[in-house]
Amino acid sequence: MISQRDRSLFENLFVLELANNHLGKVDRGLKIIRDHAVIVRYNNIKAAIKLQFRDAEEFIHPNFKGSKDLRYVKKTEDTKLSKADFVRLISASSSICRSSRSLAPT
């Protein structure tokens, strides 16, 4: 049975997926997070940001690494972020979410 607390936590929750929209650039990812925080706060929406971390070294079979013919392999390798980059995105997400009230237009 799902508790009322858990039910209310996820009710009307929008999940904003960052995925590879950062195009492998941390600054672009940070801008997307900030821009969404403004929209979420301004419209009083309950939202979460979903980040996807793929360890490209383990995710892509060794026989296919570096392949330019396979769209998803190329995209995964081209948009790869380091663990340190993900830490920056996670840290910024947490910080922005806590201070998003100050981002709303007045």
# chains A, B, ... in the order shown; residues from 1 in each chain; ligands from 1
>>> residues_around(residues="A:Lys75", least_positions_apart="5", cutoff="10 Å", atoms="only C-alpha atoms", output="list in words")
Asn20, Leu23, Gly24, Lys68, Leu70 and Lys80 of chain A
>>> residues_around(residues="A:Ser93", least_positions_apart="3", cutoff="8 Å", atoms="only C-alpha atoms", output="PyMOL selection string")
chain A and resi 33+49+89-90+96-97
>>> residues_around(residues="A:Leu51", least_positions_apart="4", cutoff="7 Å", atoms="only C-alpha atoms", output="PyMOL selection string")
chain A and resi 17-19
>>> atom_distance(atom1="atom CA of A:Ile32", atom2="atom CA of A:Leu16")
10.1 Å
>>> atom_distance(atom1="atom CA of A:Phe64", atom2="atom CA of A:Arg88")
29.2 Å
>>> residues_around(residues="A:Thr79", least_positions_apart="5", cutoff="12 Å", atoms="only C-alpha atoms", output="list in words")
Leu18, Ala19, Asn20, Asn21, His22, Leu23, Gly24, Lys25, Val26, Arg28, Gly29, Gln52, Phe53, Arg54, Asp55, Ala56, Tyr72, Val73, Lys74 and Asp85 of chain A
>>> atom_distance(atom1="atom CA of A:Asp78", atom2="atom CA of A:Leu30")
18.0 Å
>>> select_by_dssp(residues="chain A", states="strand (DSSP E)", output="number ranges by chain")
A: 13-17, 46-50
>>> decode(residues="stretch 61-80 of chain A", atoms="C-alpha atoms", output="short mmCIF file (atom, residue, chain, number, x, y, z; two decimals), in the first residue's frame")
data_model
loop_
_atom_site.label_atom_id
_atom_site.label_comp_id
_atom_site.auth_asym_id
_atom_site.auth_seq_id
_atom_site.Cartn_x
_atom_site.Cartn_y
_atom_site.Cartn_z
CA HIS A 61 30.46 -2.56 -26.43
CA PRO A 62 34.19 -2.37 -27.23
CA ASN A 63 33.56 -3.49 -30.84
CA PHE A 64 31.38 -0.41 -31.45
CA LYS A 65 33.34 2.33 -29.65
CA GLY A 66 34.23 5.19 -31.97
CA SER A 67 31.63 4.16 -34.55
CA LYS A 68 30.33 7.12 -36.53
CA ASP A 69 27.84 4.91 -38.42
CA LEU A 70 25.74 4.03 -35.38
CA ARG A 71 23.70 7.09 -34.41
CA TYR A 72 23.25 6.22 -30.73
CA VAL A 73 26.88 5.25 -30.20
CA LYS A 74 28.02 8.51 -31.79
CA LYS A 75 25.52 10.54 -29.74
CA THR A 76 26.50 8.82 -26.48
CA GLU A 77 30.18 9.44 -27.10
CA ASP A 78 29.70 13.01 -28.36
CA THR A 79 27.59 14.09 -25.37
CA LYS A 80 29.57 12.26 -22.70
#
